[in-house]
Amino acid sequence: MMTGNGAKILIIDDERQIRRMLHTSLTGHGFQVIEADTGQEGLLAVADKRPDIILLDLGLPDMDGLEVIRQLREWSETPVIILSVRENEQDKVIALDAGADDYLTKPFGMSELLARIRVTLRHTNVVQNEPVFE
């Protein structure tokens, strides 16, 4: 089932196998996929490629994912879904408070991730299409 409508998703994760699995699944569902394996590369890709959603791992080789979110939130409102092995409640709260829009613990089911992406896109489209009051 195609669900992506060509929306661009940036995957920032240093694990090649995870990126490959996500790339295959997401493109199969009609999304355009951009990949980055470091936080810095990811931040540059956000500025250059303007994705609709970012899937972000917290454990990156060059900087913590929380730092990526903090830097990103200085200039971008692109929705961020965290994909992390960190499963304790405090880690989730810190990431959400830092500016993440959702949090999914690895390992996760692809159908749940796709549902969360659809929800995020719906919320993003609602905000973009709201009438402007002058």
# chains A, B, ... in the order shown; residues from 1 in each chain; ligands from 1
>>> select_by_dssp(residues="chain A", states="helix (DSSP H, G or I)", output="PyMOL selection string")
chain A and resi 16-28+39-49+65-73+89-98+110-129
>>> residues_around(residues="range 89-103 of chain A", least_positions_apart="4", cutoff="7 Å", atoms="only C-alpha atoms", output="list in words")
Leu66, Ile69, Arg70, Arg73, Pro79, Val80, Ile81, Ile82 and Leu83 of chain A
>>> closest_atom_pairs(of="range 41-120 of chain A", to="range 18-37 of chain A", cutoff="8 Å", atoms="only C-alpha atoms", output="tab-separated table")
residue	atom	partner	partner_atom	distance
A:Glu41	CA	A:Ala36	CA	5.6
A:Gly42	CA	A:Ala36	CA	5.1
A:Ala45	CA	A:Ala36	CA	7.5
A:Leu60	CA	A:Asp37	CA	7.5
A:Met110	CA	A:Ser25	CA	7.7
>>> residues_around(residues="Asn125 in chain A", least_positions_apart="5", cutoff="12 Å", atoms="only C-alpha atoms", output="list of chain:residue names")
A:Ala7, A:Asp52, A:Ile53, A:Thr78, A:Pro79, A:Arg118, A:Val119, A:Thr120, A:Glu130, A:Pro131
>>> residues_around(residues="Leu43 in chain A", least_positions_apart="4", cutoff="8 Å", atoms="only C-alpha atoms", output="JSON, numbers by chain")
{"A": [39, 47, 68, 72]}
>>> select_by_dssp(residues="chain A", states="strand (DSSP E or B)", output="PyMOL selection string")
chain A and resi 8-12+32-36+53-56+59+64+80-84+102-105
>>> write_last_selection(atoms="N, CA and C atoms", output="short mmCIF file (atom, residue, chain, number, x, y, z; two decimals), in the first residue's frame")
data_model
loop_
_atom_site.label_atom_id
_atom_site.label_comp_id
_atom_site.auth_asym_id
_atom_site.auth_seq_id
_atom_site.Cartn_x
_atom_site.Cartn_y
_atom_site.Cartn_z
N LYS A 8 9.29 13.62 1.68
CA LYS A 8 10.72 13.37 1.86
C LYS A 8 11.02 13.07 3.33
N ILE A 9 11.70 11.96 3.55
CA ILE A 9 12.09 11.58 4.90
C ILE A 9 13.61 11.50 4.97
N LEU A 10 14.18 12.19 5.94
CA LEU A 10 15.62 12.15 6.19
C LEU A 10 15.87 11.19 7.35
N ILE A 11 16.71 10.18 7.11
CA ILE A 11 17.10 9.24 8.15
C ILE A 11 18.50 9.64 8.61
N ILE A 12 18.64 9.96 9.91
CA ILE A 12 19.96 10.26 10.48
C ILE A 12 20.26 9.14 11.46
N GLN A 32 10.18 9.52 -0.49
CA GLN A 32 11.54 9.81 -0.95
C GLN A 32 12.42 9.74 0.29
N VAL A 33 13.57 9.08 0.19
CA VAL A 33 14.42 8.90 1.37
C VAL A 33 15.79 9.52 1.15
N ILE A 34 16.23 10.26 2.15
CA ILE A 34 17.56 10.87 2.18
C ILE A 34 18.25 10.26 3.40
N GLU A 35 19.54 9.96 3.30
CA GLU A 35 20.24 9.34 4.42
C GLU A 35 21.45 10.17 4.85
N ALA A 36 21.69 10.15 6.17
CA ALA A 36 22.88 10.76 6.74
C ALA A 36 23.35 9.86 7.88
N ILE A 53 9.99 15.10 7.14
CA ILE A 53 10.13 14.47 8.45
C ILE A 53 11.57 14.00 8.60
N ILE A 54 12.06 14.02 9.84
CA ILE A 54 13.39 13.50 10.15
C ILE A 54 13.22 12.32 11.10
N LEU A 55 13.86 11.19 10.76
CA LEU A 55 13.96 10.05 11.67
C LEU A 55 15.37 10.10 12.24
N LEU A 56 15.49 10.28 13.55
CA LEU A 56 16.78 10.57 14.18
C LEU A 56 17.13 9.56 15.26
N GLY A 59 22.06 8.01 19.28
CA GLY A 59 23.47 7.63 19.41
C GLY A 59 24.21 7.78 18.10
N ASP A 64 25.58 13.86 20.08
CA ASP A 64 24.38 13.20 20.57
C ASP A 64 23.17 13.71 19.78
N VAL A 80 10.47 15.79 13.98
CA VAL A 80 11.51 14.81 14.27
C VAL A 80 10.89 13.64 15.03
N ILE A 81 11.11 12.44 14.51
CA ILE A 81 10.73 11.22 15.22
C ILE A 81 12.02 10.53 15.64
N ILE A 82 12.19 10.35 16.94
CA ILE A 82 13.37 9.68 17.48
C ILE A 82 13.21 8.18 17.31
N LEU A 83 14.27 7.52 16.83
CA LEU A 83 14.36 6.07 16.79
C LEU A 83 15.58 5.70 17.61
N SER A 84 15.38 5.15 18.81
CA SER A 84 16.53 4.94 19.68
C SER A 84 16.39 3.66 20.51
N ASP A 102 8.06 12.90 18.35
CA ASP A 102 7.63 11.54 18.70
C ASP A 102 8.88 10.74 19.04
N TYR A 103 8.66 9.56 19.63
CA TYR A 103 9.79 8.74 20.10
C TYR A 103 9.39 7.28 19.96
N LEU A 104 10.22 6.52 19.27
CA LEU A 104 9.98 5.10 19.06
C LEU A 104 11.23 4.34 19.50
N THR A 105 11.04 3.32 20.32
CA THR A 105 12.17 2.55 20.85
C THR A 105 12.51 1.40 19.90
#
>>> atom_distance(atom1="CA of Glu87 in chain A", atom2="CA of Leu44 in chain A")
27.7 Å
>>> closest_residue(among="A:Ser76, A:Thr38, A:Ile117, A:Ser111", to="Asp14 in chain A", atoms="only C-alpha atoms")
A:Thr38
